[in-house]
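The structure file model-v9.cif is reproduced below (mmCIF, N, CA and C atoms).
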```cif
data_data
loop_
_atom_site.label_atom_id
_atom_site.label_comp_id
_atom_site.auth_asym_id
_atom_site.auth_seq_id
_atom_site.Cartn_x
_atom_site.Cartn_y
_atom_site.Cartn_z
N MET F 1270 0.85 -1.16 0.00
CA MET F 1270 0.00 0.00 0.00
C MET F 1270 0.90 1.24 0.00
N ASN F 1271 0.60 2.18 -0.86
CA ASN F 1271 1.44 3.37 -0.93
C ASN F 1271 1.02 4.41 0.11
N LYS F 1272 1.88 5.38 0.27
CA LYS F 1272 1.66 6.42 1.29
C LYS F 1272 0.38 7.21 1.04
N LYS F 1273 0.06 7.50 -0.21
CA LYS F 1273 -1.14 8.28 -0.55
C LYS F 1273 -2.41 7.52 -0.15
N ALA F 1274 -2.43 6.21 -0.38
CA ALA F 1274 -3.59 5.39 -0.03
C ALA F 1274 -3.78 5.34 1.49
N ILE F 1275 -2.70 5.21 2.22
CA ILE F 1275 -2.77 5.16 3.68
C ILE F 1275 -3.31 6.49 4.22
N ILE F 1276 -2.84 7.61 3.69
CA ILE F 1276 -3.32 8.92 4.13
C ILE F 1276 -4.81 9.06 3.83
N SER F 1277 -5.26 8.59 2.68
CA SER F 1277 -6.69 8.66 2.33
C SER F 1277 -7.52 7.82 3.29
N ILE F 1278 -7.06 6.64 3.61
CA ILE F 1278 -7.78 5.75 4.54
C ILE F 1278 -7.87 6.41 5.92
N LEU F 1279 -6.76 6.99 6.39
CA LEU F 1279 -6.77 7.64 7.70
C LEU F 1279 -7.70 8.85 7.72
N ALA F 1280 -7.76 9.59 6.65
CA ALA F 1280 -8.65 10.76 6.58
C ALA F 1280 -10.11 10.33 6.67
N VAL F 1281 -10.47 9.27 5.96
CA VAL F 1281 -11.84 8.77 5.99
C VAL F 1281 -12.17 8.22 7.38
N ALA F 1282 -11.26 7.46 7.95
CA ALA F 1282 -11.48 6.87 9.28
C ALA F 1282 -11.66 7.95 10.34
N SER F 1283 -10.85 9.01 10.29
CA SER F 1283 -10.97 10.05 11.31
C SER F 1283 -12.28 10.82 11.18
N SER F 1284 -12.80 10.92 9.97
CA SER F 1284 -14.08 11.62 9.81
C SER F 1284 -15.25 10.80 10.32
N LEU F 1285 -15.06 9.49 10.47
CA LEU F 1285 -16.13 8.63 10.96
C LEU F 1285 -16.17 8.55 12.48
N ILE F 1286 -15.12 9.01 13.13
CA ILE F 1286 -15.06 8.96 14.59
C ILE F 1286 -15.93 10.08 15.15
N ALA F 1287 -16.88 9.72 15.98
CA ALA F 1287 -17.80 10.70 16.56
C ALA F 1287 -17.59 10.77 18.06
N ALA F 1288 -18.17 11.79 18.66
CA ALA F 1288 -18.14 11.93 20.11
C ALA F 1288 -18.93 10.77 20.71
N PRO F 1289 -18.49 10.23 21.85
CA PRO F 1289 -19.26 9.16 22.51
C PRO F 1289 -20.63 9.67 22.94
N SER F 1290 -21.62 8.79 22.93
CA SER F 1290 -22.96 9.20 23.34
C SER F 1290 -23.41 8.41 24.56
N PHE F 1291 -24.14 9.09 25.45
CA PHE F 1291 -24.61 8.49 26.69
C PHE F 1291 -25.99 9.02 27.02
N ALA F 1292 -26.76 8.21 27.72
CA ALA F 1292 -28.06 8.65 28.24
C ALA F 1292 -27.84 9.09 29.68
N GLU F 1293 -27.86 10.39 29.92
CA GLU F 1293 -27.62 10.93 31.24
C GLU F 1293 -28.47 12.16 31.45
N ASN F 1294 -28.78 12.44 32.71
CA ASN F 1294 -29.49 13.68 32.99
C ASN F 1294 -28.68 14.59 33.92
N LYS F 1295 -27.51 14.12 34.34
CA LYS F 1295 -26.61 14.95 35.14
C LYS F 1295 -25.18 14.73 34.68
N VAL F 1296 -24.40 15.79 34.76
CA VAL F 1296 -22.96 15.71 34.50
C VAL F 1296 -22.28 16.19 35.77
N CYS F 1297 -21.28 15.43 36.21
CA CYS F 1297 -20.57 15.73 37.45
C CYS F 1297 -19.09 15.93 37.18
N VAL F 1298 -18.45 16.74 38.04
CA VAL F 1298 -16.99 16.89 38.03
C VAL F 1298 -16.52 16.61 39.44
N HIS F 1299 -15.47 15.78 39.54
CA HIS F 1299 -14.88 15.42 40.83
C HIS F 1299 -13.48 16.04 40.92
N LEU F 1300 -13.20 16.68 42.05
CA LEU F 1300 -11.86 17.20 42.34
C LEU F 1300 -11.24 16.31 43.41
N PRO F 1301 -10.43 15.33 43.01
CA PRO F 1301 -9.87 14.41 44.00
C PRO F 1301 -8.86 15.10 44.92
N VAL F 1302 -8.64 14.51 46.09
CA VAL F 1302 -7.64 15.01 47.02
C VAL F 1302 -6.29 15.00 46.30
N GLY F 1303 -5.55 16.09 46.42
CA GLY F 1303 -4.26 16.20 45.74
C GLY F 1303 -4.29 17.18 44.57
N VAL F 1304 -5.49 17.52 44.09
CA VAL F 1304 -5.60 18.52 43.03
C VAL F 1304 -5.23 19.87 43.62
N GLY F 1305 -4.58 20.71 42.84
CA GLY F 1305 -4.08 21.97 43.37
C GLY F 1305 -5.01 23.15 43.24
N TYR F 1306 -6.33 22.93 43.17
CA TYR F 1306 -7.23 24.06 43.00
C TYR F 1306 -8.67 23.72 43.35
N ALA F 1307 -9.43 24.76 43.71
CA ALA F 1307 -10.89 24.68 43.76
C ALA F 1307 -11.37 25.06 42.37
N ALA F 1308 -12.61 24.74 42.03
CA ALA F 1308 -13.07 25.01 40.66
C ALA F 1308 -14.57 25.16 40.61
N SER F 1309 -15.05 25.55 39.44
CA SER F 1309 -16.46 25.50 39.08
C SER F 1309 -16.50 24.98 37.65
N PHE F 1310 -17.71 24.65 37.18
CA PHE F 1310 -17.82 24.19 35.80
C PHE F 1310 -19.20 24.50 35.28
N GLU F 1311 -19.34 24.37 33.97
CA GLU F 1311 -20.63 24.53 33.31
C GLU F 1311 -20.64 23.57 32.12
N VAL F 1312 -21.84 23.35 31.58
CA VAL F 1312 -22.01 22.47 30.43
C VAL F 1312 -22.67 23.27 29.32
N GLU F 1313 -22.14 23.15 28.11
CA GLU F 1313 -22.62 23.94 26.99
C GLU F 1313 -22.88 23.05 25.77
N ALA F 1314 -24.08 23.17 25.19
CA ALA F 1314 -24.39 22.46 23.95
C ALA F 1314 -23.64 23.13 22.81
N LEU F 1315 -23.13 22.32 21.88
CA LEU F 1315 -22.34 22.88 20.79
C LEU F 1315 -23.18 23.31 19.59
N ASN F 1316 -24.39 22.78 19.48
CA ASN F 1316 -25.21 23.09 18.30
C ASN F 1316 -26.40 23.99 18.63
N SER F 1317 -26.37 24.60 19.80
CA SER F 1317 -27.44 25.53 20.19
C SER F 1317 -26.87 26.49 21.23
N ASP F 1318 -27.70 27.39 21.72
CA ASP F 1318 -27.23 28.33 22.74
C ASP F 1318 -27.57 27.87 24.15
N VAL F 1319 -27.87 26.59 24.32
CA VAL F 1319 -28.21 26.06 25.64
C VAL F 1319 -26.93 25.87 26.46
N LYS F 1320 -26.98 26.42 27.66
CA LYS F 1320 -25.84 26.33 28.59
C LYS F 1320 -26.40 26.25 29.99
N THR F 1321 -25.79 25.42 30.84
CA THR F 1321 -26.21 25.36 32.24
C THR F 1321 -25.68 26.59 32.96
N GLN F 1322 -26.20 26.81 34.15
CA GLN F 1322 -25.59 27.82 35.01
C GLN F 1322 -24.29 27.24 35.53
N GLU F 1323 -23.39 28.11 35.94
CA GLU F 1323 -22.14 27.63 36.51
C GLU F 1323 -22.42 26.93 37.83
N SER F 1324 -21.63 25.93 38.15
CA SER F 1324 -21.86 25.09 39.33
C SER F 1324 -21.65 25.81 40.65
N GLY F 1325 -20.91 26.89 40.64
CA GLY F 1325 -20.47 27.48 41.90
C GLY F 1325 -19.17 26.79 42.32
N ARG F 1326 -18.36 27.49 43.04
CA ARG F 1326 -17.05 26.94 43.40
C ARG F 1326 -17.19 25.78 44.38
N PHE F 1327 -16.38 24.74 44.13
CA PHE F 1327 -16.32 23.62 45.06
C PHE F 1327 -14.87 23.23 45.29
N ALA F 1328 -14.61 22.55 46.40
CA ALA F 1328 -13.25 22.33 46.89
C ALA F 1328 -12.71 20.94 46.57
N VAL F 1329 -11.43 20.80 46.80
CA VAL F 1329 -10.74 19.52 46.65
C VAL F 1329 -11.45 18.47 47.50
N GLY F 1330 -11.65 17.29 46.94
CA GLY F 1330 -12.32 16.20 47.64
C GLY F 1330 -13.82 16.18 47.41
N GLU F 1331 -14.35 17.17 46.69
CA GLU F 1331 -15.79 17.26 46.45
C GLU F 1331 -16.15 16.92 45.01
N THR F 1332 -17.41 16.55 44.83
CA THR F 1332 -17.99 16.32 43.51
C THR F 1332 -19.20 17.22 43.39
N ARG F 1333 -19.35 17.88 42.26
CA ARG F 1333 -20.50 18.75 42.01
C ARG F 1333 -21.17 18.27 40.72
N CYS F 1334 -22.51 18.27 40.69
CA CYS F 1334 -23.26 17.81 39.51
C CYS F 1334 -24.20 18.90 39.02
N LEU F 1335 -24.43 18.91 37.70
CA LEU F 1335 -25.37 19.84 37.07
C LEU F 1335 -26.38 19.06 36.26
N ASP F 1336 -27.61 19.55 36.26
CA ASP F 1336 -28.69 18.96 35.47
C ASP F 1336 -28.51 19.35 34.00
N VAL F 1337 -28.49 18.37 33.10
CA VAL F 1337 -28.34 18.64 31.66
C VAL F 1337 -29.61 18.27 30.89
N SER F 1338 -30.73 18.15 31.60
CA SER F 1338 -31.96 17.72 30.94
C SER F 1338 -32.46 18.73 29.91
N LYS F 1339 -32.03 19.99 30.00
CA LYS F 1339 -32.47 21.00 29.02
C LYS F 1339 -31.70 20.92 27.70
N ILE F 1340 -30.61 20.17 27.69
CA ILE F 1340 -29.89 19.96 26.43
C ILE F 1340 -30.66 18.94 25.62
N ALA F 1341 -30.92 19.25 24.37
CA ALA F 1341 -31.74 18.39 23.52
C ALA F 1341 -31.06 17.04 23.26
N ASP F 1342 -31.89 16.00 23.16
CA ASP F 1342 -31.37 14.67 22.81
C ASP F 1342 -30.62 14.75 21.49
N HIS F 1343 -29.56 13.97 21.39
CA HIS F 1343 -28.71 13.87 20.19
C HIS F 1343 -27.87 15.12 19.96
N SER F 1344 -27.76 15.98 20.97
CA SER F 1344 -26.93 17.19 20.86
C SER F 1344 -25.54 16.90 21.42
N GLU F 1345 -24.54 17.43 20.75
CA GLU F 1345 -23.18 17.33 21.26
C GLU F 1345 -22.97 18.45 22.27
N TYR F 1346 -22.30 18.14 23.37
CA TYR F 1346 -22.03 19.15 24.38
C TYR F 1346 -20.65 18.97 24.97
N LYS F 1347 -20.20 20.02 25.67
CA LYS F 1347 -18.89 19.97 26.32
C LYS F 1347 -19.01 20.45 27.76
N VAL F 1348 -18.09 19.99 28.57
CA VAL F 1348 -17.97 20.40 29.97
C VAL F 1348 -16.81 21.39 30.03
N ILE F 1349 -17.04 22.55 30.61
CA ILE F 1349 -16.02 23.61 30.69
C ILE F 1349 -15.62 23.76 32.15
N LEU F 1350 -14.36 23.51 32.45
CA LEU F 1350 -13.83 23.58 33.82
C LEU F 1350 -13.18 24.94 34.04
N HIS F 1351 -13.52 25.56 35.18
CA HIS F 1351 -12.97 26.87 35.56
C HIS F 1351 -12.20 26.73 36.87
N PRO F 1352 -10.89 26.37 36.83
CA PRO F 1352 -10.12 26.35 38.08
C PRO F 1352 -10.05 27.75 38.66
N PHE F 1353 -10.23 27.85 39.99
CA PHE F 1353 -10.18 29.15 40.66
C PHE F 1353 -8.77 29.70 40.53
N TRP F 1354 -8.64 30.90 40.03
CA TRP F 1354 -7.36 31.57 39.77
C TRP F 1354 -6.53 30.80 38.75
N GLY F 1355 -7.19 30.11 37.82
CA GLY F 1355 -6.43 29.31 36.87
C GLY F 1355 -6.94 29.42 35.44
N LYS F 1356 -6.50 28.49 34.63
CA LYS F 1356 -6.79 28.46 33.20
C LYS F 1356 -8.05 27.64 32.93
N THR F 1357 -9.04 28.23 32.25
CA THR F 1357 -10.27 27.53 31.88
C THR F 1357 -9.98 26.57 30.73
N ILE F 1358 -10.53 25.35 30.82
CA ILE F 1358 -10.32 24.36 29.76
C ILE F 1358 -11.63 23.61 29.48
N ASP F 1359 -11.68 22.98 28.32
CA ASP F 1359 -12.76 22.04 27.99
C ASP F 1359 -12.33 20.66 28.46
N CYS F 1360 -13.24 19.96 29.12
CA CYS F 1360 -12.97 18.58 29.52
C CYS F 1360 -13.07 17.69 28.28
N THR F 1361 -12.45 16.52 28.35
CA THR F 1361 -12.51 15.57 27.23
C THR F 1361 -13.15 14.27 27.68
N PRO F 1362 -13.86 13.64 26.82
CA PRO F 1362 -14.23 14.06 25.47
C PRO F 1362 -15.50 14.91 25.49
N HIS F 1363 -15.83 15.52 24.34
CA HIS F 1363 -17.17 16.08 24.16
C HIS F 1363 -18.11 14.89 24.08
N LEU F 1364 -19.37 15.07 24.46
CA LEU F 1364 -20.32 13.95 24.47
C LEU F 1364 -21.56 14.28 23.66
N ILE F 1365 -22.30 13.25 23.31
CA ILE F 1365 -23.60 13.41 22.67
C ILE F 1365 -24.65 12.89 23.64
N LYS F 1366 -25.63 13.72 23.95
CA LYS F 1366 -26.67 13.36 24.90
C LYS F 1366 -27.74 12.52 24.22
N GLU F 1367 -27.99 11.38 24.77
CA GLU F 1367 -29.05 10.49 24.29
C GLU F 1367 -30.27 10.64 25.21
N HIS F 1368 -31.39 10.15 24.76
CA HIS F 1368 -32.62 10.24 25.54
C HIS F 1368 -32.49 9.49 26.86
N THR F 1369 -32.94 10.11 27.93
CA THR F 1369 -32.98 9.49 29.26
C THR F 1369 -34.42 9.53 29.75
N PRO F 1370 -35.02 8.36 30.03
CA PRO F 1370 -36.39 8.37 30.57
C PRO F 1370 -36.46 9.20 31.85
N THR F 1371 -37.57 9.88 32.05
CA THR F 1371 -37.71 10.77 33.21
C THR F 1371 -37.62 10.04 34.55
N ASP F 1372 -37.94 8.76 34.57
CA ASP F 1372 -37.88 8.01 35.83
C ASP F 1372 -36.51 7.40 36.09
N VAL F 1373 -35.54 7.68 35.24
CA VAL F 1373 -34.18 7.13 35.39
C VAL F 1373 -33.23 8.26 35.79
N GLN F 1374 -32.43 8.03 36.82
CA GLN F 1374 -31.39 8.97 37.23
C GLN F 1374 -30.05 8.43 36.76
N SER F 1375 -29.38 9.16 35.92
CA SER F 1375 -28.12 8.72 35.34
C SER F 1375 -27.16 9.89 35.31
N HIS F 1376 -25.87 9.62 35.49
CA HIS F 1376 -24.89 10.70 35.43
C HIS F 1376 -23.58 10.23 34.83
N ILE F 1377 -22.82 11.18 34.34
CA ILE F 1377 -21.47 10.99 33.82
C ILE F 1377 -20.56 11.81 34.72
N THR F 1378 -19.39 11.26 35.10
CA THR F 1378 -18.48 12.00 35.97
C THR F 1378 -17.14 12.21 35.29
N PHE F 1379 -16.67 13.45 35.38
CA PHE F 1379 -15.35 13.83 34.89
C PHE F 1379 -14.43 14.02 36.09
N LYS F 1380 -13.15 13.70 35.91
CA LYS F 1380 -12.16 13.86 36.98
C LYS F 1380 -11.22 14.99 36.59
N ALA F 1381 -11.14 16.00 37.45
CA ALA F 1381 -10.24 17.14 37.22
C ALA F 1381 -8.95 16.90 37.98
N THR F 1382 -7.83 17.13 37.32
CA THR F 1382 -6.52 16.93 37.94
C THR F 1382 -5.61 18.09 37.54
N GLY F 1383 -4.37 18.02 37.95
CA GLY F 1383 -3.38 19.02 37.56
C GLY F 1383 -3.31 20.19 38.53
N THR F 1384 -2.85 21.31 37.99
CA THR F 1384 -2.66 22.53 38.76
C THR F 1384 -3.49 23.65 38.16
N THR F 1385 -3.51 24.81 38.82
CA THR F 1385 -4.32 25.92 38.33
C THR F 1385 -3.92 26.35 36.91
N LEU F 1386 -2.64 26.34 36.61
CA LEU F 1386 -2.18 26.79 35.30
C LEU F 1386 -2.01 25.64 34.30
N ALA F 1387 -2.12 24.42 34.77
CA ALA F 1387 -2.03 23.26 33.87
C ALA F 1387 -3.09 22.23 34.28
N PRO F 1388 -4.36 22.64 34.25
CA PRO F 1388 -5.42 21.70 34.67
C PRO F 1388 -5.69 20.65 33.59
N ARG F 1389 -6.23 19.54 34.01
CA ARG F 1389 -6.68 18.48 33.11
C ARG F 1389 -8.06 18.05 33.58
N CYS F 1390 -8.88 17.60 32.66
CA CYS F 1390 -10.24 17.16 33.00
C CYS F 1390 -10.65 16.12 31.99
N LYS F 1391 -10.91 14.92 32.48
CA LYS F 1391 -11.21 13.80 31.59
C LYS F 1391 -12.31 12.95 32.19
N MET F 1392 -13.20 12.45 31.34
CA MET F 1392 -14.28 11.59 31.80
C MET F 1392 -13.68 10.30 32.38
N TYR F 1393 -14.20 9.87 33.53
CA TYR F 1393 -13.76 8.58 34.09
C TYR F 1393 -14.00 7.49 33.05
N GLY F 1394 -13.01 6.64 32.86
CA GLY F 1394 -13.15 5.52 31.93
C GLY F 1394 -12.80 5.86 30.49
N ALA F 1395 -12.52 7.13 30.21
CA ALA F 1395 -12.20 7.51 28.83
C ALA F 1395 -10.71 7.41 28.57
#
```

Represent the structure of the file as structure tokens.
Amino acid sequence: MNKKAIISILAVASSLIAAPSFAENKVCVHLPVGVGYAASFEVEALNSDVKTQESGRFAVGETRCLDVSKIADHSEYKVILHPFWGKTIDCTPHLIKEHTPTDVQSHITFKATGTTLAPRCKMYGA
């Protein structure tokens, strides 16, 4: 296989990779003991102007959750982490919200790590 064919295959394959999708009605961020900052976060839909309110500041060792039921089903969204006195980042990965029955309580949790100027935020299990 020549180099041009391999590049074409990789380009097609990367365009087929989509954001993971989950059925959830809450998104949580956990700041484990040892993280160098307090933080807040919010969730924002990428294909509309829907955004949650900011979570309010929470401390190391705590988990805070936000209701994402107002984000439309099949919408891609991102979690935005705001370390106190630090650099704001998008958590990874972006997700696609699937339908969640109203009688089901489901959540996704992201783990924030690092320092105020070099924060990291990644979904558990990703």

* Around (-26.5, 21.1, 34.8) in the file's frame, which residues reach within 8 Å when counting only N, CA and C atoms? Return as a list in words? ->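 Within the cut-off we find Asn1294, Lys1295, Val1296, Cys1297, Glu1311, Val1312, Lys1320, Thr1321, Gln1322, Glu1323, Ser1324, Cys1334, Leu1335, Asp1336, Val1337, Ser1338 and Lys1339 of chain F.
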
* From chain F, collect each residue whose DSSP state is strand (DSSP E or B) and return the set as a PyMOL selection string. => chain F and resi 1290-1292+1295-1299+1308-1314+1320+1327+1332-1336+1345-1352+1358-1359+1361+1364-1367+1376-1383+1388-1392

* In file coordinates, which residues lie within 6 Å of (-29.6, 10.0, 36.6) using all atoms listed in the file, given as a list in words? -> Glu1293, Asn1294, Lys1295, Val1373, Gln1374, Ser1375 and His1376 of chain F

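Proximity ranking of F:Val1348, F:Val1298, F:Leu1364, F:Ile1340 relative to Val1319 in chain F places F:Ile1340 first, based on only C-alpha atoms.
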
* To do: Run the PyMOL selection byres ((chain F and resi 1355) around 7) on the file and write out the hits as a list in words.
  =>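 Residues picked by the PyMOL selection byres ((chain F and resi 1355) around 7): His1351, Pro1352, Phe1353, Trp1354, Lys1356, Thr1357, Thr1384, Thr1385, Leu1386 and Ala1387 of chain F.
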
Written selection (N, CA and C atoms) as a compact mmCIF listing (two decimals), in the coordinates of the input:
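Wrote result-v9.txt, looks like this:
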```
# COMPACT_ATOMS: atom_id res chain seq x y z
N HIS F 1351 -13.52 25.56 35.18
CA HIS F 1351 -12.97 26.87 35.56
C HIS F 1351 -12.20 26.73 36.87
N PRO F 1352 -10.89 26.37 36.83
CA PRO F 1352 -10.12 26.35 38.08
C PRO F 1352 -10.05 27.75 38.66
N PHE F 1353 -10.23 27.85 39.99
CA PHE F 1353 -10.18 29.15 40.66
C PHE F 1353 -8.77 29.70 40.53
N TRP F 1354 -8.64 30.90 40.03
CA TRP F 1354 -7.36 31.57 39.77
C TRP F 1354 -6.53 30.80 38.75
N LYS F 1356 -6.50 28.49 34.63
CA LYS F 1356 -6.79 28.46 33.20
C LYS F 1356 -8.05 27.64 32.93
N THR F 1357 -9.04 28.23 32.25
CA THR F 1357 -10.27 27.53 31.88
C THR F 1357 -9.98 26.57 30.73
N THR F 1384 -2.85 21.31 37.99
CA THR F 1384 -2.66 22.53 38.76
C THR F 1384 -3.49 23.65 38.16
N THR F 1385 -3.51 24.81 38.82
CA THR F 1385 -4.32 25.92 38.33
C THR F 1385 -3.92 26.35 36.91
N LEU F 1386 -2.64 26.34 36.61
CA LEU F 1386 -2.18 26.79 35.30
C LEU F 1386 -2.01 25.64 34.30
N ALA F 1387 -2.12 24.42 34.77
CA ALA F 1387 -2.03 23.26 33.87
C ALA F 1387 -3.09 22.23 34.28
```

* Distance of atom N of Asp1318 in chain F from atom C of Leu1300 in chain F, expressed in Å to one decimal place ->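 Computing it gives 29.4 Å between the two atoms.
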
* Identify, on the basis of only N, CA and C atoms, every residue whose closest approach to Asn1316 in chain F does not exceed 6.5 Å; exclude the query and any residue fewer than 3 positions from it along the same chain; express the result as an MDAnalysis selection string. => chainID F and resid 1313 1319 1344:1346

* Asked: Could you pull out all residues of range 1271-1390 of chain F with a DSSP call of alpha helix (DSSP H) and give them as a count of residues only?
  -> 14

* Given the file shown, determine the residues that the PyMOL selection byres ((chain F and resi 1391) around 5) selects; report them as a ChimeraX atom specification. => /F:1361,1379-1380,1389-1390,1392-1393

* Asked: Given the choices F:Ala1288, F:Ala1314, F:Ala1307, F:Ala1341, which gets closest to Glu1367 in chain F if the distance is worked out from all atoms listed in the file?
  ->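 Comparing F:Ala1288, F:Ala1314, F:Ala1307, F:Ala1341 against Glu1367 in chain F, the winner is F:Ala1341.
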
* Given the PyMOL selection byres (((chain F and resi 1359 and name CA) around 7) and name CA), the residues it picks as a PyMOL selection string -> chain F and resi 1347-1350+1358+1360-1361

* Separation of atom N of Pro1362 in chain F from atom C of Gly1394 in chain F, in Å and rounded to one decimal ->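 A separation of 8.7 Å between them.
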
* To do: Select, from F:Ala1381, F:Ile1365, F:Ala1328, F:Leu1315, the residue with the minimum atom-to-atom distance to His1299 in chain F, counting only C-alpha atoms.
  =>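 Smallest distance to His1299 in chain F is found for F:Ala1381.
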
To box range 1351-1358 of chain F, take all atoms listed in the file, fit an axis-aligned box, add 3 Å on each side, and give centre and edge lengths in Å to one decimal, as AutoDock Vina command-line options.
```
--center_x -10.0 --center_y 27.6 --center_z 35.1 --size_x 13.1 --size_y 14.0 --size_z 17.2
```
